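Heads up, protein_10.cif below (mmCIF, N, CA and C atoms):
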data_upload
loop_
_atom_site.label_atom_id
_atom_site.label_comp_id
_atom_site.auth_asym_id
_atom_site.auth_seq_id
_atom_site.Cartn_x
_atom_site.Cartn_y
_atom_site.Cartn_z
N MET Y 752 0.85 -1.19 0.00
CA MET Y 752 0.00 0.00 0.00
C MET Y 752 0.89 1.24 0.00
N SER Y 753 0.70 2.08 -0.98
CA SER Y 753 1.58 3.23 -1.15
C SER Y 753 1.46 4.27 -0.05
N ASP Y 754 0.34 4.30 0.68
CA ASP Y 754 0.19 5.29 1.74
C ASP Y 754 0.48 4.73 3.13
N CYS Y 755 0.90 3.48 3.23
CA CYS Y 755 1.20 2.86 4.51
C CYS Y 755 2.65 3.16 4.90
N LEU Y 756 2.83 3.75 6.07
CA LEU Y 756 4.16 4.09 6.56
C LEU Y 756 5.08 2.88 6.59
N PHE Y 757 4.62 1.76 7.16
CA PHE Y 757 5.49 0.60 7.28
C PHE Y 757 5.76 -0.07 5.94
N CYS Y 758 4.80 -0.06 5.04
CA CYS Y 758 5.06 -0.58 3.68
C CYS Y 758 6.15 0.25 3.01
N ARG Y 759 6.10 1.56 3.21
CA ARG Y 759 7.10 2.44 2.62
C ARG Y 759 8.47 2.24 3.25
N ILE Y 760 8.51 2.01 4.55
CA ILE Y 760 9.79 1.72 5.21
C ILE Y 760 10.36 0.41 4.67
N ALA Y 761 9.54 -0.63 4.60
CA ALA Y 761 10.01 -1.93 4.11
C ALA Y 761 10.48 -1.85 2.66
N ALA Y 762 9.89 -0.95 1.88
CA ALA Y 762 10.27 -0.79 0.47
C ALA Y 762 11.52 0.07 0.32
N GLY Y 763 12.02 0.64 1.41
CA GLY Y 763 13.21 1.49 1.36
C GLY Y 763 12.92 2.92 0.95
N GLU Y 764 11.66 3.29 0.89
CA GLU Y 764 11.28 4.66 0.52
C GLU Y 764 11.50 5.64 1.67
N ILE Y 765 11.47 5.13 2.88
CA ILE Y 765 11.70 5.94 4.08
C ILE Y 765 12.87 5.29 4.82
N PRO Y 766 13.89 6.06 5.18
CA PRO Y 766 15.07 5.49 5.84
C PRO Y 766 14.73 4.84 7.18
N SER Y 767 15.44 3.78 7.49
CA SER Y 767 15.32 3.11 8.77
C SER Y 767 16.65 2.43 9.07
N THR Y 768 16.80 2.02 10.31
CA THR Y 768 17.98 1.27 10.71
C THR Y 768 17.58 -0.20 10.78
N PRO Y 769 18.01 -0.98 9.79
CA PRO Y 769 17.54 -2.37 9.73
C PRO Y 769 18.24 -3.29 10.73
N TYR Y 770 17.47 -4.26 11.22
CA TYR Y 770 18.01 -5.36 12.02
C TYR Y 770 17.91 -6.68 11.26
N TYR Y 771 16.92 -6.79 10.38
CA TYR Y 771 16.69 -8.04 9.66
C TYR Y 771 15.88 -7.74 8.42
N SER Y 772 16.17 -8.49 7.36
CA SER Y 772 15.40 -8.33 6.13
C SER Y 772 15.46 -9.61 5.32
N ASP Y 773 14.30 -10.07 4.87
CA ASP Y 773 14.22 -11.13 3.89
C ASP Y 773 12.99 -10.86 3.03
N GLU Y 774 12.61 -11.80 2.19
CA GLU Y 774 11.50 -11.55 1.26
C GLU Y 774 10.15 -11.44 1.96
N ASN Y 775 10.05 -11.90 3.22
CA ASN Y 775 8.78 -11.90 3.93
C ASN Y 775 8.69 -10.93 5.10
N VAL Y 776 9.84 -10.57 5.66
CA VAL Y 776 9.88 -9.84 6.93
C VAL Y 776 10.91 -8.72 6.86
N TYR Y 777 10.59 -7.61 7.53
CA TYR Y 777 11.54 -6.53 7.69
C TYR Y 777 11.50 -6.10 9.16
N ALA Y 778 12.66 -5.90 9.76
CA ALA Y 778 12.76 -5.46 11.14
C ALA Y 778 13.71 -4.27 11.21
N PHE Y 779 13.33 -3.28 11.99
CA PHE Y 779 14.10 -2.05 12.07
C PHE Y 779 14.03 -1.44 13.47
N ALA Y 780 14.94 -0.55 13.76
CA ALA Y 780 14.99 0.10 15.07
C ALA Y 780 13.79 1.02 15.25
N ASP Y 781 13.16 0.92 16.41
CA ASP Y 781 12.06 1.82 16.74
C ASP Y 781 12.61 3.22 16.94
N ILE Y 782 11.92 4.23 16.43
CA ILE Y 782 12.42 5.62 16.56
C ILE Y 782 12.19 6.19 17.96
N ASP Y 783 11.39 5.52 18.79
CA ASP Y 783 11.14 5.95 20.16
C ASP Y 783 11.28 4.73 21.07
N PRO Y 784 12.51 4.23 21.25
CA PRO Y 784 12.70 2.96 21.96
C PRO Y 784 12.24 3.00 23.41
N LYS Y 785 11.65 1.86 23.83
CA LYS Y 785 11.17 1.71 25.21
C LYS Y 785 12.04 0.74 26.00
N ALA Y 786 13.12 0.29 25.39
CA ALA Y 786 14.08 -0.60 26.04
C ALA Y 786 15.42 -0.40 25.33
N PRO Y 787 16.52 -0.83 25.95
CA PRO Y 787 17.82 -0.69 25.28
C PRO Y 787 17.86 -1.34 23.90
N PHE Y 788 17.13 -2.44 23.73
CA PHE Y 788 16.95 -2.99 22.38
C PHE Y 788 15.46 -2.94 22.09
N HIS Y 789 15.10 -2.28 20.98
CA HIS Y 789 13.68 -2.16 20.60
C HIS Y 789 13.59 -2.16 19.08
N ALA Y 790 13.14 -3.27 18.54
CA ALA Y 790 12.94 -3.39 17.09
C ALA Y 790 11.46 -3.48 16.79
N VAL Y 791 11.09 -3.00 15.61
CA VAL Y 791 9.75 -3.18 15.07
C VAL Y 791 9.89 -4.23 13.98
N VAL Y 792 9.10 -5.29 14.08
CA VAL Y 792 9.19 -6.40 13.14
C VAL Y 792 7.87 -6.50 12.40
N ILE Y 793 7.94 -6.43 11.06
CA ILE Y 793 6.72 -6.39 10.26
C ILE Y 793 6.75 -7.45 9.15
N PRO Y 794 5.56 -7.95 8.80
CA PRO Y 794 5.50 -8.73 7.57
C PRO Y 794 5.55 -7.74 6.40
N ARG Y 795 6.19 -8.12 5.32
CA ARG Y 795 6.19 -7.24 4.14
C ARG Y 795 4.79 -7.16 3.53
N ALA Y 796 4.03 -8.23 3.66
CA ALA Y 796 2.64 -8.20 3.19
C ALA Y 796 1.85 -7.26 4.08
N HIS Y 797 1.02 -6.43 3.48
CA HIS Y 797 0.22 -5.50 4.27
C HIS Y 797 -0.96 -6.22 4.91
N ILE Y 798 -0.91 -6.29 6.24
CA ILE Y 798 -2.01 -6.83 7.04
C ILE Y 798 -2.31 -5.72 8.05
N PRO Y 799 -3.54 -5.23 8.11
CA PRO Y 799 -3.82 -4.06 8.96
C PRO Y 799 -3.52 -4.24 10.45
N SER Y 800 -3.80 -5.40 11.03
CA SER Y 800 -3.54 -5.63 12.45
C SER Y 800 -3.71 -7.11 12.74
N ALA Y 801 -3.46 -7.50 13.98
CA ALA Y 801 -3.65 -8.90 14.39
C ALA Y 801 -5.11 -9.32 14.22
N ALA Y 802 -6.02 -8.38 14.28
CA ALA Y 802 -7.44 -8.69 14.10
C ALA Y 802 -7.76 -9.12 12.67
N ALA Y 803 -6.87 -8.85 11.75
CA ALA Y 803 -7.08 -9.18 10.34
C ALA Y 803 -6.34 -10.45 9.91
N VAL Y 804 -5.71 -11.15 10.86
CA VAL Y 804 -5.00 -12.38 10.52
C VAL Y 804 -6.04 -13.48 10.29
N ASP Y 805 -5.88 -14.19 9.18
CA ASP Y 805 -6.80 -15.27 8.83
C ASP Y 805 -6.02 -16.35 8.07
N PRO Y 806 -6.68 -17.42 7.65
CA PRO Y 806 -5.95 -18.49 6.97
C PRO Y 806 -5.23 -18.06 5.69
N THR Y 807 -5.64 -16.96 5.08
CA THR Y 807 -4.98 -16.53 3.85
C THR Y 807 -3.66 -15.80 4.09
N ASN Y 808 -3.43 -15.31 5.32
CA ASN Y 808 -2.22 -14.53 5.59
C ASN Y 808 -1.45 -14.97 6.84
N SER Y 809 -1.91 -16.02 7.50
CA SER Y 809 -1.28 -16.40 8.77
C SER Y 809 0.15 -16.90 8.61
N GLU Y 810 0.51 -17.35 7.42
CA GLU Y 810 1.90 -17.78 7.21
C GLU Y 810 2.85 -16.59 7.37
N ALA Y 811 2.40 -15.39 7.03
CA ALA Y 811 3.23 -14.19 7.21
C ALA Y 811 3.56 -13.98 8.68
N VAL Y 812 2.61 -14.28 9.56
CA VAL Y 812 2.85 -14.13 10.99
C VAL Y 812 3.87 -15.17 11.47
N ALA Y 813 3.76 -16.38 10.96
CA ALA Y 813 4.75 -17.41 11.32
C ALA Y 813 6.15 -16.97 10.91
N ARG Y 814 6.28 -16.38 9.73
CA ARG Y 814 7.58 -15.90 9.25
C ARG Y 814 8.12 -14.79 10.15
N VAL Y 815 7.23 -13.93 10.63
CA VAL Y 815 7.64 -12.87 11.55
C VAL Y 815 8.24 -13.48 12.81
N PHE Y 816 7.58 -14.49 13.36
CA PHE Y 816 8.08 -15.08 14.59
C PHE Y 816 9.37 -15.87 14.37
N GLU Y 817 9.54 -16.44 13.21
CA GLU Y 817 10.83 -17.07 12.89
C GLU Y 817 11.93 -16.01 12.86
N ALA Y 818 11.63 -14.85 12.29
CA ALA Y 818 12.60 -13.76 12.25
C ALA Y 818 12.88 -13.23 13.65
N ILE Y 819 11.85 -13.13 14.48
CA ILE Y 819 12.05 -12.65 15.85
C ILE Y 819 13.03 -13.55 16.59
N ALA Y 820 12.90 -14.85 16.42
CA ALA Y 820 13.83 -15.79 17.08
C ALA Y 820 15.26 -15.55 16.59
N LYS Y 821 15.43 -15.34 15.30
CA LYS Y 821 16.77 -15.07 14.76
C LYS Y 821 17.34 -13.76 15.29
N ILE Y 822 16.53 -12.71 15.29
CA ILE Y 822 16.98 -11.40 15.76
C ILE Y 822 17.37 -11.49 17.23
N ALA Y 823 16.53 -12.14 18.04
CA ALA Y 823 16.82 -12.26 19.48
C ALA Y 823 18.16 -12.98 19.69
N ALA Y 824 18.40 -14.03 18.93
CA ALA Y 824 19.67 -14.76 19.06
C ALA Y 824 20.84 -13.88 18.62
N GLU Y 825 20.69 -13.19 17.49
CA GLU Y 825 21.76 -12.32 16.99
C GLU Y 825 22.06 -11.18 17.94
N GLN Y 826 21.04 -10.69 18.62
CA GLN Y 826 21.21 -9.55 19.52
C GLN Y 826 21.58 -9.97 20.95
N GLY Y 827 21.73 -11.27 21.17
CA GLY Y 827 22.14 -11.75 22.48
C GLY Y 827 21.08 -11.57 23.56
N LEU Y 828 19.83 -11.71 23.19
CA LEU Y 828 18.74 -11.53 24.16
C LEU Y 828 18.45 -12.84 24.90
N ASP Y 829 19.52 -13.53 25.29
CA ASP Y 829 19.39 -14.84 25.91
C ASP Y 829 18.79 -14.80 27.31
N LYS Y 830 18.78 -13.64 27.97
CA LYS Y 830 18.16 -13.53 29.29
C LYS Y 830 16.66 -13.32 29.19
N GLY Y 831 16.17 -13.07 27.98
CA GLY Y 831 14.73 -12.89 27.77
C GLY Y 831 14.42 -11.65 26.97
N PHE Y 832 13.20 -11.61 26.49
CA PHE Y 832 12.73 -10.48 25.70
C PHE Y 832 11.21 -10.49 25.71
N ARG Y 833 10.62 -9.44 25.22
CA ARG Y 833 9.16 -9.34 25.12
C ARG Y 833 8.79 -9.02 23.69
N VAL Y 834 7.67 -9.62 23.23
CA VAL Y 834 7.10 -9.34 21.92
C VAL Y 834 5.70 -8.82 22.16
N VAL Y 835 5.41 -7.63 21.60
CA VAL Y 835 4.13 -6.97 21.82
C VAL Y 835 3.54 -6.54 20.49
N THR Y 836 2.22 -6.71 20.36
CA THR Y 836 1.52 -6.11 19.24
C THR Y 836 0.31 -5.38 19.78
N ASN Y 837 0.04 -4.23 19.23
CA ASN Y 837 -1.11 -3.42 19.62
C ASN Y 837 -2.15 -3.53 18.52
N VAL Y 838 -3.42 -3.56 18.93
CA VAL Y 838 -4.51 -3.70 17.96
C VAL Y 838 -5.55 -2.61 18.20
N GLY Y 839 -5.77 -1.79 17.19
CA GLY Y 839 -6.80 -0.76 17.25
C GLY Y 839 -6.42 0.41 18.14
N GLU Y 840 -7.25 1.40 18.08
CA GLU Y 840 -7.00 2.64 18.82
C GLU Y 840 -6.90 2.41 20.33
N ASP Y 841 -7.83 1.66 20.90
CA ASP Y 841 -7.80 1.41 22.34
C ASP Y 841 -6.61 0.54 22.74
N GLY Y 842 -6.10 -0.24 21.81
CA GLY Y 842 -4.94 -1.08 22.08
C GLY Y 842 -3.62 -0.35 21.88
N GLY Y 843 -3.69 0.88 21.41
CA GLY Y 843 -2.48 1.68 21.23
C GLY Y 843 -1.83 1.56 19.86
N GLN Y 844 -2.52 0.97 18.89
CA GLN Y 844 -1.95 0.83 17.55
C GLN Y 844 -1.99 2.18 16.85
N THR Y 845 -0.82 2.66 16.42
CA THR Y 845 -0.74 3.96 15.76
C THR Y 845 -0.45 3.86 14.27
N VAL Y 846 0.03 2.70 13.81
CA VAL Y 846 0.28 2.48 12.39
C VAL Y 846 -0.57 1.27 11.98
N PRO Y 847 -1.47 1.43 11.02
CA PRO Y 847 -2.36 0.33 10.64
C PRO Y 847 -1.70 -0.70 9.72
N HIS Y 848 -0.63 -1.28 10.21
CA HIS Y 848 0.08 -2.38 9.54
C HIS Y 848 0.54 -3.29 10.67
N LEU Y 849 0.20 -4.56 10.60
CA LEU Y 849 0.59 -5.50 11.65
C LEU Y 849 2.08 -5.37 11.94
N HIS Y 850 2.39 -5.17 13.20
CA HIS Y 850 3.79 -5.07 13.60
C HIS Y 850 3.95 -5.53 15.04
N PHE Y 851 5.15 -5.99 15.31
CA PHE Y 851 5.49 -6.51 16.63
C PHE Y 851 6.68 -5.74 17.17
N HIS Y 852 6.59 -5.35 18.42
CA HIS Y 852 7.70 -4.70 19.10
C HIS Y 852 8.50 -5.80 19.80
N LEU Y 853 9.78 -5.85 19.51
CA LEU Y 853 10.69 -6.79 20.15
C LEU Y 853 11.57 -5.98 21.09
N LEU Y 854 11.38 -6.19 22.39
CA LEU Y 854 12.08 -5.41 23.41
C LEU Y 854 12.97 -6.30 24.26
N GLY Y 855 14.14 -5.80 24.60
CA GLY Y 855 15.04 -6.57 25.45
C GLY Y 855 16.17 -5.73 26.00
N ARG Y 856 17.06 -6.43 26.71
CA ARG Y 856 18.23 -5.87 27.38
C ARG Y 856 17.89 -5.05 28.62
N ARG Y 857 16.73 -5.31 29.19
CA ARG Y 857 16.39 -4.77 30.51
C ARG Y 857 15.31 -5.65 31.11
N LEU Y 858 15.14 -5.57 32.42
CA LEU Y 858 14.08 -6.30 33.10
C LEU Y 858 12.75 -5.66 32.71
N LEU Y 859 11.84 -6.44 32.20
CA LEU Y 859 10.55 -5.94 31.74
C LEU Y 859 9.49 -6.35 32.76
N ALA Y 860 8.90 -5.38 33.43
CA ALA Y 860 7.94 -5.65 34.49
C ALA Y 860 6.58 -6.07 33.92
N TRP Y 861 5.75 -6.64 34.80
CA TRP Y 861 4.38 -7.01 34.43
C TRP Y 861 3.46 -6.55 35.54
N PRO Y 862 2.34 -5.96 35.27
CA PRO Y 862 1.78 -5.69 33.95
C PRO Y 862 2.52 -4.54 33.28
N PRO Y 863 2.46 -4.52 31.93
CA PRO Y 863 3.23 -3.53 31.19
C PRO Y 863 2.69 -2.11 31.28
N GLY Y 864 1.42 -1.92 31.62
CA GLY Y 864 0.87 -0.57 31.75
C GLY Y 864 -0.12 -0.19 30.72
#
Show me this structure written as structure tokens.
Amino acid sequence: MSDCLFCRIAAGEIPSTPYYSDENVYAFADIDPKAPFHAVVIPRAHIPSAAAVDPTNSEAVARVFEAIAKIAAEQGLDKGFRVVTNVGEDGGQTVPHLHFHLLGRRLLAWPPG
């Protein structure tokens, strides 16, 4: 989608600091990090949110989680990490493209707030 911020980032139209890239997934540094390590991990396929995942696109989500495991290992997040996705306005989603926040390198409390 030409007007989607994350589609444009994944296409290289908007600069980002990449952590991972393949034909299905793109991961980049969050511009407002909430932990010492904070990546945004997206499927390249445009899926509006987790609420829109269905049998036609769920493989994209599996690929995202495979990438998350690789990124966590490469970044040395062996003590643990958190993966978060926000859905809709009340859930705090600000970009309407399915994305996951991968946070680590600090103790992450629960509940998150």
Can you tell me how far atom CA of Leu854 of chain Y sits from atom CA of Arg833 of chain Y, in Å to one decimal?
5.2 Å
Suppose you want the space between atom CA of Arg759 of chain Y and atom CA of Phe851 of chain Y; what is it in Å?
16.7 Å
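Per DSSP on the backbone, alpha helix (DSSP H) in segment 770-848 of chain Y comprises Ser809, Glu810, Ala811, Val812, Ala813, Arg814, Val815, Phe816, Glu817, Ala818, Ile819, Ala820, Lys821, Ile822, Ala823, Ala824 and Glu825 of chain Y.
In this model, the gap between atom C of Glu810 of chain Y and atom N of Val792 of chain Y comes to 14.6 Å.
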Would you write out, as a VMD selection string, every residue that the PyMOL selection byres ((chain Y and resi 855) around 6) captures in this file?
chain Y and resid 786 to 789 831 to 833 853 to 854 856 to 857
Excluding Pro799 of chain Y and residues on its chain fewer than 3 positions from it, collect all residues at most 6 Å away from it, counting only N, CA and C atoms, and give them as a list in words.
Ala803, Pro847, His848 and Leu849 of chain Y
Those residues with N, CA and C atoms, as a short mmCIF file (atom, residue, chain, number, x, y, z; two decimals), in the coordinates of the input please?
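See part-v9.cif below for the written result:
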data_model
loop_
_atom_site.label_atom_id
_atom_site.label_comp_id
_atom_site.auth_asym_id
_atom_site.auth_seq_id
_atom_site.Cartn_x
_atom_site.Cartn_y
_atom_site.Cartn_z
N ALA Y 803 -6.87 -8.85 11.75
CA ALA Y 803 -7.08 -9.18 10.34
C ALA Y 803 -6.34 -10.45 9.91
N PRO Y 847 -1.47 1.43 11.02
CA PRO Y 847 -2.36 0.33 10.64
C PRO Y 847 -1.70 -0.70 9.72
N HIS Y 848 -0.63 -1.28 10.21
CA HIS Y 848 0.08 -2.38 9.54
C HIS Y 848 0.54 -3.29 10.67
N LEU Y 849 0.20 -4.56 10.60
CA LEU Y 849 0.59 -5.50 11.65
C LEU Y 849 2.08 -5.37 11.94
#
For a quick check of understanding, using only C-alpha atoms, which of Y:Tyr770, Y:Leu858, Y:Ala811, Y:Glu840 has the smallest distance to Gln826 of chain Y?
Y:Tyr770
Mind checking DSSP for chain Y and telling me the strand (DSSP E or B) residues as a list in words?
Pro769, Tyr770, Tyr771, Ser772, Val776, Tyr777, Ala778, Phe779, Ala780, Phe788, His789, Ala790, Val791, Val792, Ile793, Pro794, Phe832, Arg833, Val834, Val835, Phe851, His852, Leu853, Leu854 and Gly855 of chain Y
Nearest to Asp754 of chain Y by atom-to-atom distance, counting only C-alpha atoms, from Y:His797, Y:Val835, Y:Pro766, Y:Thr845
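Smallest separation from Asp754 of chain Y among the options: Y:His797.
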In terms of the shortest atom-to-atom distance over only N, CA and C atoms, which of Y:Val791, Y:Leu828, Y:Ala796, Y:Val776 is closest to Arg814 of chain Y?
Y:Val776
Hey, what comes out of the PyMOL selection byres (((chain Y and resi 815-820 and name CA) around 9) and name CA) on this file? Could you write it as a short mmCIF file (atom, residue, chain, number, x, y, z; two decimals) with N, CA and C atoms, in the frame of the given file?
data_model
loop_
_atom_site.label_atom_id
_atom_site.label_comp_id
_atom_site.auth_asym_id
_atom_site.auth_seq_id
_atom_site.Cartn_x
_atom_site.Cartn_y
_atom_site.Cartn_z
N TYR Y 771 16.92 -6.79 10.38
CA TYR Y 771 16.69 -8.04 9.66
C TYR Y 771 15.88 -7.74 8.42
N SER Y 772 16.17 -8.49 7.36
CA SER Y 772 15.40 -8.33 6.13
C SER Y 772 15.46 -9.61 5.32
N ASP Y 773 14.30 -10.07 4.87
CA ASP Y 773 14.22 -11.13 3.89
C ASP Y 773 12.99 -10.86 3.03
N ASN Y 775 10.05 -11.90 3.22
CA ASN Y 775 8.78 -11.90 3.93
C ASN Y 775 8.69 -10.93 5.10
N VAL Y 776 9.84 -10.57 5.66
CA VAL Y 776 9.88 -9.84 6.93
C VAL Y 776 10.91 -8.72 6.86
N TYR Y 777 10.59 -7.61 7.53
CA TYR Y 777 11.54 -6.53 7.69
C TYR Y 777 11.50 -6.10 9.16
N ALA Y 778 12.66 -5.90 9.76
CA ALA Y 778 12.76 -5.46 11.14
C ALA Y 778 13.71 -4.27 11.21
N VAL Y 792 9.10 -5.29 14.08
CA VAL Y 792 9.19 -6.40 13.14
C VAL Y 792 7.87 -6.50 12.40
N ILE Y 793 7.94 -6.43 11.06
CA ILE Y 793 6.72 -6.39 10.26
C ILE Y 793 6.75 -7.45 9.15
N PRO Y 794 5.56 -7.95 8.80
CA PRO Y 794 5.50 -8.73 7.57
C PRO Y 794 5.55 -7.74 6.40
N GLU Y 810 0.51 -17.35 7.42
CA GLU Y 810 1.90 -17.78 7.21
C GLU Y 810 2.85 -16.59 7.37
N ALA Y 811 2.40 -15.39 7.03
CA ALA Y 811 3.23 -14.19 7.21
C ALA Y 811 3.56 -13.98 8.68
N VAL Y 812 2.61 -14.28 9.56
CA VAL Y 812 2.85 -14.13 10.99
C VAL Y 812 3.87 -15.17 11.47
N ALA Y 813 3.76 -16.38 10.96
CA ALA Y 813 4.75 -17.41 11.32
C ALA Y 813 6.15 -16.97 10.91
N ARG Y 814 6.28 -16.38 9.73
CA ARG Y 814 7.58 -15.90 9.25
C ARG Y 814 8.12 -14.79 10.15
N LYS Y 821 15.43 -15.34 15.30
CA LYS Y 821 16.77 -15.07 14.76
C LYS Y 821 17.34 -13.76 15.29
N ILE Y 822 16.53 -12.71 15.29
CA ILE Y 822 16.98 -11.40 15.76
C ILE Y 822 17.37 -11.49 17.23
N ALA Y 823 16.53 -12.14 18.04
CA ALA Y 823 16.82 -12.26 19.48
C ALA Y 823 18.16 -12.98 19.69
N ALA Y 824 18.40 -14.03 18.93
CA ALA Y 824 19.67 -14.76 19.06
C ALA Y 824 20.84 -13.88 18.62
N GLU Y 825 20.69 -13.19 17.49
CA GLU Y 825 21.76 -12.32 16.99
C GLU Y 825 22.06 -11.18 17.94
N VAL Y 834 7.67 -9.62 23.23
CA VAL Y 834 7.10 -9.34 21.92
C VAL Y 834 5.70 -8.82 22.16
N HIS Y 850 2.39 -5.17 13.20
CA HIS Y 850 3.79 -5.07 13.60
C HIS Y 850 3.95 -5.53 15.04
N PHE Y 851 5.15 -5.99 15.31
CA PHE Y 851 5.49 -6.51 16.63
C PHE Y 851 6.68 -5.74 17.17
N LEU Y 853 9.78 -5.85 19.51
CA LEU Y 853 10.69 -6.79 20.15
C LEU Y 853 11.57 -5.98 21.09
#
